[in-house]
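Note: the block below is input07.txt and it holds compact mmCIF, C-alpha atoms.
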```txt
# COMPACT_ATOMS: atom_id res chain seq x y z
CA MET A 994 -19.57 -32.67 19.01
CA SER A 995 -19.03 -34.70 22.18
CA GLY A 996 -17.35 -33.48 25.35
CA VAL A 997 -14.33 -35.67 24.70
CA ARG A 998 -11.30 -33.87 23.25
CA THR A 999 -9.36 -35.89 20.78
CA ARG A 1000 -6.24 -34.16 19.57
CA THR A 1001 -5.18 -35.31 16.15
CA ARG A 1002 -1.58 -36.36 15.60
CA LEU A 1003 -0.17 -34.83 12.45
CA SER A 1004 3.19 -35.04 10.73
CA THR A 1005 5.52 -32.10 11.36
CA GLN A 1006 4.85 -30.69 7.89
CA ALA A 1007 1.07 -31.14 8.13
CA ARG A 1008 0.99 -29.60 11.62
CA ARG A 1009 3.01 -26.61 10.49
CA GLU A 1010 0.67 -26.15 7.55
CA GLN A 1011 -2.38 -26.45 9.79
CA LEU A 1012 -1.03 -23.83 12.22
CA LEU A 1013 -0.22 -21.48 9.37
CA ASN A 1014 -3.73 -21.85 7.96
CA VAL A 1015 -5.21 -21.06 11.36
CA GLY A 1016 -2.94 -18.02 11.45
CA VAL A 1017 -4.16 -16.86 8.04
CA GLU A 1018 -7.78 -16.94 9.23
CA LEU A 1019 -7.12 -15.22 12.58
CA PHE A 1020 -4.83 -12.46 11.33
CA ALA A 1021 -7.20 -11.85 8.46
CA ASN A 1022 -10.06 -11.00 10.74
CA GLN A 1023 -8.31 -9.15 13.56
CA PRO A 1024 -5.49 -6.63 13.83
CA TYR A 1025 -2.10 -8.18 14.61
CA GLU A 1026 -2.18 -6.82 18.17
CA ASP A 1027 -5.49 -8.48 18.99
CA VAL A 1028 -4.49 -12.00 18.01
CA ALA A 1029 -3.26 -13.87 21.10
CA ILE A 1030 -1.04 -16.88 20.65
CA GLU A 1031 -3.38 -18.72 23.07
CA GLN A 1032 -6.17 -18.15 20.57
CA VAL A 1033 -4.14 -19.70 17.78
CA ALA A 1034 -3.45 -22.74 19.98
CA ALA A 1035 -7.13 -23.02 20.93
CA VAL A 1036 -8.42 -22.80 17.35
CA ALA A 1037 -5.79 -25.27 16.15
CA ASP A 1038 -6.57 -27.47 19.16
CA VAL A 1039 -2.95 -27.79 20.19
CA SER A 1040 -1.13 -26.87 23.40
CA ARG A 1041 0.65 -23.53 23.66
CA GLY A 1042 3.86 -25.53 24.14
CA LEU A 1043 3.44 -27.26 20.79
CA LEU A 1044 2.72 -23.98 19.04
CA TYR A 1045 5.84 -22.40 20.58
CA HIS A 1046 7.81 -25.43 19.47
CA TYR A 1047 6.97 -24.55 15.87
CA PHE A 1048 7.01 -20.77 16.21
CA PRO A 1049 8.92 -19.33 19.19
CA THR A 1050 7.20 -15.90 19.14
CA LYS A 1051 4.07 -14.34 17.74
CA ARG A 1052 6.11 -12.21 15.36
CA VAL A 1053 7.94 -15.25 14.01
CA PHE A 1054 4.56 -16.92 13.56
CA PHE A 1055 3.05 -13.95 11.77
CA ALA A 1056 6.07 -13.60 9.47
CA ALA A 1057 5.70 -17.33 8.63
CA VAL A 1058 1.98 -16.83 7.90
CA ILE A 1059 2.81 -14.02 5.50
CA GLN A 1060 5.46 -16.09 3.80
CA HIS A 1061 3.01 -19.01 3.53
CA VAL A 1062 0.35 -16.91 1.81
CA GLY A 1063 3.01 -15.39 -0.43
CA GLU A 1064 4.23 -18.81 -1.55
CA GLN A 1065 0.67 -19.88 -2.31
CA MET A 1066 0.18 -16.78 -4.45
CA LEU A 1067 3.46 -17.22 -6.30
CA GLU A 1068 2.62 -20.82 -7.11
CA MET A 1069 -0.91 -20.08 -8.19
CA THR A 1070 0.10 -17.26 -10.48
CA ASP A 1071 2.98 -19.14 -12.09
CA THR A 1072 2.00 -19.60 -15.73
CA ASP A 1073 3.30 -21.44 -18.79
CA PRO A 1074 6.44 -19.59 -19.96
CA ASP A 1075 5.77 -20.69 -23.54
CA LEU A 1076 2.64 -18.56 -23.75
CA PRO A 1077 2.88 -14.97 -25.03
CA VAL A 1078 3.31 -12.48 -22.17
CA PRO A 1079 -0.14 -10.85 -22.32
CA GLN A 1080 -1.77 -14.31 -22.08
CA ARG A 1081 0.56 -15.26 -19.22
CA VAL A 1082 -0.29 -12.06 -17.38
CA ALA A 1083 -4.01 -12.65 -17.98
CA ALA A 1084 -3.78 -16.26 -16.76
CA GLY A 1085 -1.76 -15.22 -13.69
CA LEU A 1086 -4.31 -12.51 -12.94
CA ASP A 1087 -7.20 -14.96 -13.22
CA ALA A 1088 -5.55 -17.26 -10.69
CA TYR A 1089 -4.82 -14.28 -8.43
CA LEU A 1090 -8.39 -12.97 -8.63
CA ASP A 1091 -9.77 -16.48 -8.00
CA TYR A 1092 -7.60 -16.69 -4.90
CA ALA A 1093 -8.63 -13.25 -3.66
CA LYS A 1094 -12.32 -14.01 -4.27
CA THR A 1095 -12.34 -17.37 -2.51
CA ARG A 1096 -9.90 -16.47 0.26
CA GLY A 1097 -10.63 -12.78 0.81
CA PRO A 1098 -9.53 -12.65 4.47
CA GLY A 1099 -6.15 -14.25 3.68
CA PHE A 1100 -5.68 -11.85 0.80
CA ARG A 1101 -6.36 -8.83 2.98
CA ALA A 1102 -4.19 -10.06 5.87
CA PHE A 1103 -1.36 -10.63 3.45
CA HIS A 1104 -1.41 -7.11 2.07
CA ARG A 1105 -1.85 -5.46 5.46
CA ALA A 1106 1.59 -6.89 6.29
CA ALA A 1107 3.08 -4.13 4.12
CA GLY A 1108 2.40 -1.71 6.97
CA ASN A 1109 3.34 -3.97 9.87
CA ASP A 1110 5.67 -2.49 12.46
CA ASP A 1111 7.77 -5.63 12.71
CA PRO A 1112 10.68 -5.58 10.26
CA ALA A 1113 10.59 -9.41 9.96
CA VAL A 1114 6.96 -9.29 8.85
CA ARG A 1115 7.57 -6.46 6.41
CA THR A 1116 10.61 -8.30 5.06
CA ALA A 1117 8.57 -11.49 4.46
CA TYR A 1118 6.03 -9.38 2.56
CA GLU A 1119 8.59 -7.37 0.62
CA ASN A 1120 10.60 -10.44 -0.36
CA ASN A 1121 7.52 -11.97 -1.83
CA LEU A 1122 6.66 -8.81 -3.75
CA ALA A 1123 10.28 -8.64 -4.96
CA ARG A 1124 10.02 -12.20 -6.32
CA GLN A 1125 6.80 -11.37 -8.15
CA GLU A 1126 8.46 -8.24 -9.50
CA GLU A 1127 11.54 -10.17 -10.64
CA ARG A 1128 9.49 -12.81 -12.42
CA LEU A 1129 7.39 -10.27 -14.26
CA PHE A 1130 10.38 -8.05 -15.09
CA ALA A 1131 12.18 -11.04 -16.63
CA ALA A 1132 9.11 -12.00 -18.68
CA LEU A 1133 8.77 -8.45 -20.02
CA THR A 1134 12.42 -7.88 -20.84
CA ASP A 1135 12.83 -11.33 -22.43
CA ASN A 1136 9.93 -10.53 -24.73
CA ALA A 1137 10.44 -6.80 -25.15
CA ALA A 1138 10.56 -6.88 -28.96
CA ASP A 1139 7.33 -8.92 -29.23
CA LEU A 1140 5.63 -6.53 -26.83
CA GLY A 1141 6.86 -3.46 -28.69
CA ILE A 1142 8.49 -2.10 -25.55
CA ASP A 1143 12.15 -2.59 -26.45
CA GLY A 1144 12.65 1.17 -26.52
CA ARG A 1145 12.05 1.43 -22.76
CA PRO A 1146 15.06 1.56 -20.43
CA PRO A 1147 15.14 -1.38 -17.96
CA ALA A 1148 14.82 1.04 -15.03
CA ILE A 1149 11.47 2.25 -16.39
CA VAL A 1150 10.27 -1.30 -16.99
CA ARG A 1151 11.21 -2.15 -13.40
CA LEU A 1152 9.37 0.87 -12.04
CA ALA A 1153 6.33 0.06 -14.19
CA VAL A 1154 6.27 -3.51 -12.85
CA ARG A 1155 6.50 -2.26 -9.29
CA GLY A 1156 3.72 0.25 -9.86
CA TRP A 1157 1.60 -2.29 -11.67
CA LEU A 1158 1.75 -4.76 -8.77
CA ALA A 1159 0.46 -1.97 -6.51
CA PHE A 1160 -2.23 -1.25 -9.12
CA VAL A 1161 -3.37 -4.89 -9.12
CA ILE A 1162 -3.38 -5.16 -5.31
CA SER A 1163 -5.42 -1.97 -5.01
CA VAL A 1164 -7.85 -2.85 -7.80
CA THR A 1165 -8.37 -6.33 -6.36
CA GLY A 1166 -9.09 -4.88 -2.92
CA GLY A 1167 -11.60 -2.50 -4.52
CA TRP A 1168 -13.23 -5.36 -6.38
CA LEU A 1169 -13.59 -7.41 -3.17
CA ASP A 1170 -15.23 -4.40 -1.48
CA ASP A 1171 -17.69 -4.04 -4.35
CA PRO A 1172 -17.82 -7.17 -6.49
CA ALA A 1173 -20.37 -5.78 -8.96
CA LEU A 1174 -17.87 -5.91 -11.83
CA SER A 1175 -17.10 -9.17 -13.57
CA GLN A 1176 -13.76 -10.83 -12.94
CA SER A 1177 -12.92 -10.58 -16.65
CA ASP A 1178 -13.50 -6.80 -16.65
CA VAL A 1179 -11.12 -6.45 -13.70
CA ARG A 1180 -8.57 -8.76 -15.30
CA ASP A 1181 -8.67 -6.92 -18.63
CA LEU A 1182 -8.26 -3.55 -16.90
CA CYS A 1183 -5.12 -4.87 -15.20
CA VAL A 1184 -3.67 -6.37 -18.38
CA ARG A 1185 -4.15 -3.07 -20.23
CA ALA A 1186 -2.58 -1.11 -17.37
CA LEU A 1187 0.63 -3.12 -17.64
CA VAL A 1188 1.09 -3.49 -21.36
CA ASN A 1189 -0.20 -0.05 -22.30
CA ALA A 1190 1.81 1.80 -19.66
CA LEU A 1191 4.95 0.65 -21.44
CA SER A 1192 3.71 1.05 -25.02
CA PRO A 1193 4.71 4.16 -26.95
CA MET B 702 22.97 29.26 21.02
CA SER B 703 23.08 30.80 24.52
CA GLY B 704 21.98 29.02 27.65
CA VAL B 705 18.91 31.22 27.90
CA ARG B 706 15.72 29.60 26.62
CA THR B 707 13.41 31.96 24.87
CA ARG B 708 10.19 30.38 23.85
CA THR B 709 8.56 32.09 20.93
CA ARG B 710 4.92 33.15 21.20
CA LEU B 711 2.96 32.20 18.13
CA SER B 712 -0.66 32.61 17.11
CA THR B 713 -2.88 29.55 17.61
CA GLN B 714 -2.86 28.80 13.89
CA ALA B 715 0.90 29.27 13.52
CA ARG B 716 1.59 27.15 16.59
CA ARG B 717 -0.63 24.37 15.36
CA GLU B 718 1.12 24.48 12.00
CA GLN B 719 4.55 24.43 13.67
CA LEU B 720 3.61 21.40 15.81
CA LEU B 721 2.27 19.56 12.78
CA ASN B 722 5.46 20.24 10.83
CA VAL B 723 7.55 18.91 13.73
CA GLY B 724 5.30 15.85 13.70
CA VAL B 725 5.85 15.32 9.98
CA GLU B 726 9.62 15.26 10.48
CA LEU B 727 9.56 12.98 13.55
CA PHE B 728 7.04 10.44 12.29
CA ALA B 729 8.84 10.37 8.95
CA ASN B 730 12.07 9.18 10.48
CA GLN B 731 10.83 6.85 13.23
CA PRO B 732 8.08 4.26 13.57
CA TYR B 733 4.91 5.58 15.21
CA GLU B 734 5.62 3.63 18.44
CA ASP B 735 9.04 5.20 18.90
CA VAL B 736 7.93 8.82 18.74
CA ALA B 737 7.32 10.12 22.26
CA ILE B 738 5.08 13.10 22.75
CA GLU B 739 7.85 14.53 24.98
CA GLN B 740 10.13 14.46 21.97
CA VAL B 741 7.64 16.43 19.90
CA ALA B 742 7.41 19.02 22.69
CA ALA B 743 11.21 19.20 22.98
CA VAL B 744 11.82 19.63 19.25
CA ALA B 745 9.05 22.23 19.00
CA ASP B 746 10.39 23.87 22.16
CA VAL B 747 7.02 23.95 23.86
CA SER B 748 5.80 22.47 27.14
CA ARG B 749 4.06 19.11 27.14
CA GLY B 750 1.03 20.89 28.51
CA LEU B 751 0.86 23.20 25.53
CA LEU B 752 1.18 20.27 23.13
CA TYR B 753 -1.61 18.41 24.92
CA HIS B 754 -3.71 21.54 24.73
CA TYR B 755 -3.57 21.33 20.93
CA PHE B 756 -3.58 17.53 20.61
CA PRO B 757 -4.93 15.57 23.59
CA THR B 758 -3.29 12.24 22.63
CA LYS B 759 -0.48 11.01 20.43
CA ARG B 760 -2.95 9.28 18.13
CA VAL B 761 -4.96 12.45 17.68
CA PHE B 762 -1.71 14.24 16.92
CA PHE B 763 -0.60 11.65 14.39
CA ALA B 764 -3.98 11.65 12.65
CA ALA B 765 -3.73 15.47 12.42
CA VAL B 766 -0.22 15.18 10.95
CA ILE B 767 -1.49 12.80 8.29
CA GLN B 768 -4.38 15.10 7.48
CA HIS B 769 -1.99 18.05 7.28
CA VAL B 770 0.30 16.32 4.77
CA GLY B 771 -2.74 15.16 2.81
CA GLU B 772 -4.11 18.70 2.56
CA GLN B 773 -0.76 19.96 1.34
CA MET B 774 -0.70 17.28 -1.35
CA LEU B 775 -4.26 17.95 -2.46
CA GLU B 776 -3.53 21.67 -2.77
CA MET B 777 -0.26 21.18 -4.61
CA THR B 778 -1.74 18.77 -7.12
CA ASP B 779 -4.84 20.87 -7.83
CA THR B 780 -4.53 21.97 -11.44
CA ASP B 781 -6.33 24.27 -13.86
CA PRO B 782 -9.68 22.61 -14.71
CA ASP B 783 -9.66 24.33 -18.12
CA LEU B 784 -6.66 22.31 -19.29
CA PRO B 785 -7.17 18.99 -21.10
CA VAL B 786 -7.12 16.06 -18.67
CA PRO B 787 -3.78 14.53 -19.75
CA GLN B 788 -2.07 17.91 -19.22
CA ARG B 789 -3.83 18.32 -15.86
CA VAL B 790 -2.70 14.87 -14.79
CA ALA B 791 0.87 15.60 -15.95
CA ALA B 792 0.93 18.95 -14.09
CA GLY B 793 -0.51 17.36 -10.94
CA LEU B 794 2.09 14.61 -11.14
CA ASP B 795 4.91 17.11 -11.53
CA ALA B 796 3.79 18.91 -8.38
CA TYR B 797 3.45 15.58 -6.57
CA LEU B 798 6.90 14.37 -7.65
CA ASP B 799 8.42 17.74 -6.70
CA TYR B 800 6.87 17.39 -3.26
CA ALA B 801 8.06 13.80 -2.84
CA LYS B 802 11.57 14.71 -3.96
CA THR B 803 11.97 17.72 -1.70
CA ARG B 804 10.06 16.29 1.28
CA GLY B 805 10.84 12.60 1.04
CA PRO B 806 10.43 11.83 4.77
CA GLY B 807 7.00 13.48 4.91
CA PHE B 808 5.96 11.63 1.78
CA ARG B 809 6.97 8.27 3.26
CA ALA B 810 5.40 8.95 6.65
CA PHE B 811 2.18 9.90 4.95
CA HIS B 812 1.92 6.67 2.98
CA ARG B 813 2.95 4.47 5.91
CA ALA B 814 -0.26 5.67 7.58
CA ALA B 815 -2.17 3.32 5.29
CA GLY B 816 -1.03 0.44 7.50
CA ASN B 817 -1.37 2.15 10.87
CA ASP B 818 -3.22 0.20 13.55
CA ASP B 819 -5.18 3.20 14.70
CA PRO B 820 -8.49 3.53 12.85
CA ALA B 821 -8.40 7.35 13.21
CA VAL B 822 -5.03 7.50 11.47
CA ARG B 823 -6.11 5.14 8.72
CA THR B 824 -9.32 7.11 8.29
CA ALA B 825 -7.38 10.38 7.89
CA TYR B 826 -5.27 8.69 5.22
CA GLU B 827 -8.16 7.00 3.46
CA ASN B 828 -10.29 10.15 3.42
CA ASN B 829 -7.50 11.95 1.68
CA LEU B 830 -7.07 9.20 -0.88
CA ALA B 831 -10.84 9.17 -1.42
CA ARG B 832 -10.78 12.93 -2.15
CA GLN B 833 -7.97 12.48 -4.68
CA GLU B 834 -9.90 9.60 -6.21
CA GLU B 835 -13.10 11.64 -6.42
CA ARG B 836 -11.35 14.59 -8.06
CA LEU B 837 -9.70 12.44 -10.67
CA PHE B 838 -12.82 10.35 -11.31
CA ALA B 839 -14.82 13.54 -11.94
CA ALA B 840 -12.17 14.88 -14.32
CA LEU B 841 -12.14 11.62 -16.30
CA THR B 842 -15.90 11.13 -16.51
CA ASP B 843 -16.53 14.82 -17.36
CA ASN B 844 -14.13 14.46 -20.27
CA ALA B 845 -14.77 10.85 -21.22
CA ALA B 846 -15.59 11.61 -24.88
CA ASP B 847 -12.44 13.71 -25.40
CA LEU B 848 -10.35 10.95 -23.82
CA GLY B 849 -11.98 8.23 -25.91
CA ILE B 850 -13.02 6.34 -22.80
CA ASP B 851 -16.77 6.94 -22.93
CA GLY B 852 -17.34 3.21 -23.52
CA ARG B 853 -16.06 2.32 -20.06
CA PRO B 854 -18.58 1.73 -17.27
CA PRO B 855 -18.16 4.20 -14.36
CA ALA B 856 -17.33 1.31 -12.01
CA ILE B 857 -14.30 0.41 -14.14
CA VAL B 858 -13.18 4.04 -14.32
CA ARG B 859 -13.43 4.24 -10.54
CA LEU B 860 -11.40 1.06 -10.08
CA ALA B 861 -8.81 2.27 -12.59
CA VAL B 862 -8.45 5.56 -10.69
CA ARG B 863 -8.03 3.71 -7.43
CA GLY B 864 -5.44 1.37 -8.91
CA TRP B 865 -3.65 4.23 -10.60
CA LEU B 866 -3.23 6.16 -7.34
CA ALA B 867 -1.58 3.05 -5.88
CA PHE B 868 0.57 2.84 -9.03
CA VAL B 869 1.74 6.44 -8.60
CA ILE B 870 2.46 6.04 -4.87
CA SER B 871 4.47 2.89 -5.51
CA VAL B 872 6.36 4.27 -8.50
CA THR B 873 7.19 7.46 -6.60
CA GLY B 874 8.51 5.43 -3.66
CA GLY B 875 10.65 3.40 -6.08
CA TRP B 876 11.94 6.58 -7.68
CA LEU B 877 12.92 8.04 -4.28
CA ASP B 878 14.81 4.82 -3.48
CA ASP B 879 16.69 4.99 -6.76
CA PRO B 880 16.47 8.45 -8.32
CA ALA B 881 18.50 7.55 -11.43
CA LEU B 882 15.50 8.14 -13.71
CA SER B 883 14.48 11.65 -14.67
CA GLN B 884 11.34 13.13 -13.18
CA SER B 885 9.84 13.51 -16.66
CA ASP B 886 10.35 9.78 -17.41
CA VAL B 887 8.54 8.89 -14.19
CA ARG B 888 5.78 11.41 -14.87
CA ASP B 889 5.24 10.17 -18.43
CA LEU B 890 5.09 6.55 -17.27
CA CYS B 891 2.34 7.49 -14.81
CA VAL B 892 0.35 9.51 -17.36
CA ARG B 893 0.43 6.58 -19.81
CA ALA B 894 -0.62 4.12 -17.11
CA LEU B 895 -3.78 6.10 -16.42
CA VAL B 896 -4.94 7.09 -19.86
CA ASN B 897 -3.89 3.86 -21.60
CA ALA B 898 -5.42 1.57 -18.98
CA LEU B 899 -8.80 2.97 -19.96
CA SER B 900 -8.25 3.20 -23.71
CA PRO B 901 -9.65 0.46 -25.95
```

When written as structure tokens, how does the structure in this file appear?
Amino acid sequence: MSGVRTRTRLSTQARREQLLNVGVELFANQPYEDVAIEQVAAVADVSRGLLYHYFPTKRVFFAAVIQHVGEQMLEMTDTDPDLPVPQRVAAGLDAYLDYAKTRGPGFRAFHRAAGNDDPAVRTAYENNLARQEERLFAALTDNAADLGIDGRPPAIVRLAVRGWLAFVISVTGGWLDDPALSQSDVRDLCVRALVNALSP
Amino acid sequence: MSGVRTRTRLSTQARREQLLNVGVELFANQPYEDVAIEQVAAVADVSRGLLYHYFPTKRVFFAAVIQHVGEQMLEMTDTDPDLPVPQRVAAGLDAYLDYAKTRGPGFRAFHRAAGNDDPAVRTAYENNLARQEERLFAALTDNAADLGIDGRPPAIVRLAVRGWLAFVISVTGGWLDDPALSQSDVRDLCVRALVNALSP
């Protein structure tokens, strides 16, 4: 507002979080190559030196941004393990779709990381997907009898979970492009795709 | 074999095809950045000048490679429109899984194009996916009553088709990584995921 710059002093954790959130916004709206580390520093209103103190290279920074978004998604989609699986999946999907709807750019930046040339970035993305996969696989196999899928070999359940995550990512992207459908229609489509793919 | 180089003369069409096939192999095994146009010329045993005559830049070449693989996949998965949809889908999947199994590197290179930084490459990939989507959407909506899915709004069918293509790509990649499961198990999982996601 005024011409006087006042840089805010933040705790290490808060500063790191702030820088990561700036990263989410910038990488969401521009290709990786076009984001300059100077731009991150300018938007966050910190010196380049401070930014480099937290993240020594742009690739390290981007990998941390991806991990940050991934953690947020894992937390948000973590649901009550005492609920039946279809309800848990539905509740997790609602949280996921809420996140995608309100933070579209972050959602898109996150999933573009799957095709990043930097192995560290791809690894951050893939590790997150693997954790989602593991969580869902455990929920399905622990409740296989209730779900009527206890005849399926674990390898097929694992492949179905992997495919289903890709299904949800793709469907959510399509919904953001054309949000005419209601969130509950999209959620129910995704629930059916998982449970029914494994049913007899 | 001998020290004498004999460059083969090919027709324009055959030469183009040969260069594209060399591209499929090279881009499949190395990241886009690491493939040098000189390498393509060397493997194809043509001069750089000839290569540039067909494809003026590396990006144009890569986009053409992606389009080439996409055309092959569309052709291979084109099935008899007189068959019932589930059988058509199963037959298309068998052709697709055969292709992925026998030409794994080409399959992977093709799908990595989704995350390429070059808009022309991404467009070649996305156009191909859009054509697959369109073909499948038409088959489902033309046979909605037979499939018991005539209660679904077209927008949901479209989103389901989009998600299902991502499902199949992901599942096929997982199967290539760990081919313990039979092709028919993988095919049947994919068929169920499509038809059951849209069933009541």

**OP:** Excluding Lys1094 in chain A and any residue of its chain fewer than 3 positions from it, enumerate the residues within 12 Å of it, using all atoms listed in the file, and give them as a list of chain:residue names.
**Re:** A:Leu1086, A:Asp1087, A:Ala1088, A:Tyr1089, A:Leu1090, A:Asp1091, A:Gly1097, A:Pro1098, A:Gly1099, A:Phe1100, A:Arg1101, A:Thr1165, A:Gly1166, A:Gly1167, A:Trp1168, A:Leu1169, A:Asp1170, A:Asp1171, A:Pro1172, A:Ser1175, A:Gln1176

May I have a table of the residues of chain A lying at most 6 Å from chain B, giving each one's closest pair of atoms and their distance in Å to one decimal, counting all atoms listed in the file, ordered by chain and ascending residue number, as CSV?
```
residue,atom,partner,partner_atom,distance
A:Gly1108,CA,B:Gly816,CA,4.1
A:Leu1152,CA,B:Val872,CA,5.8
A:Gly1156,CA,B:Phe868,CA,4.2
A:Trp1157,CA,B:Phe868,CA,5.9
A:Ala1159,CA,B:Phe868,CA,5.4
A:Phe1160,CA,B:Gly864,CA,4.1
A:Ser1163,CA,B:Gly864,CA,5.1
A:Val1164,CA,B:Gly864,CA,5.0
A:Arg1185,CA,B:Ala898,CA,5.0
A:Ala1186,CA,B:Ala898,CA,4.2
A:Asn1189,CA,B:Asn897,CA,5.4
A:Ala1190,CA,B:Ala894,CA,4.2
```

Any chance you can output those residues with C-alpha atoms as a tab-separated table (two decimals), in the coordinates of the input?
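Final file, again-v9.tsv:
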```tsv
chain	number	residue	atom	x	y	z
A	1108	GLY	CA	2.40	-1.71	6.97
A	1152	LEU	CA	9.37	0.87	-12.04
A	1156	GLY	CA	3.72	0.25	-9.86
A	1157	TRP	CA	1.60	-2.29	-11.67
A	1159	ALA	CA	0.46	-1.97	-6.51
A	1160	PHE	CA	-2.23	-1.25	-9.12
A	1163	SER	CA	-5.42	-1.97	-5.01
A	1164	VAL	CA	-7.85	-2.85	-7.80
A	1185	ARG	CA	-4.15	-3.07	-20.23
A	1186	ALA	CA	-2.58	-1.11	-17.37
A	1189	ASN	CA	-0.20	-0.05	-22.30
A	1190	ALA	CA	1.81	1.80	-19.66
```

Subject >> Surrounding residues of Ala1029 in chain A excluding itself and chain neighbours under 4 positions, 12 Å, all atoms listed in the file, as a ChimeraX atom specification >> reply: /A:1016,1019-1020,1023-1025,1033-1036,1041,1044,1050-1052,1054-1055

**OP:** Measuring atom to atom with all atoms listed in the file, identify which of B:Val761, B:Val723, B:Ala729, B:Ile850 is nearest to Val747 in chain B.
**Re:** B:Val723

Original post:
Leaving out Leu721 in chain B and any residue of its chain fewer than 4 positions from it, which residues lie within 7 Å of it when counting all atoms listed in the file, given as a PyMOL selection string?
Top reply: chain B and resi 717+725+766

Original post:
Restricting the calculation to only C-alpha atoms, which member of B:Val786, B:Ala791, B:Ala825, B:Ala801 is positioned closest to Asp847 in chain B?
Top reply: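 Residue with the minimum atom-to-atom distance to Asp847 in chain B: B:Val786.
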
Original post:
Separation of CA of Pro1112 in chain A and CA of Val1028 in chain A, in Å?
Top reply: 18.2 Å

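Comparing A:Glu1010, A:Asp1135, A:Asp1143, A:Glu1018 by their smallest distance to Pro1074 in chain A, the closest is A:Asp1135 (using only C-alpha atoms).
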
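Distance-wise, CA of Thr1072 in chain A and CA of Gly1085 in chain A end up 6.1 Å apart.
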
**OP:** Quick one: pull the distance between CA of Ala1084 in chain A and CA of Ala1131 in chain A, Å, one decimal.
**Re:**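 Value for the CA of Ala1084 in chain A-CA of Ala1131 in chain A distance: 16.8 Å.
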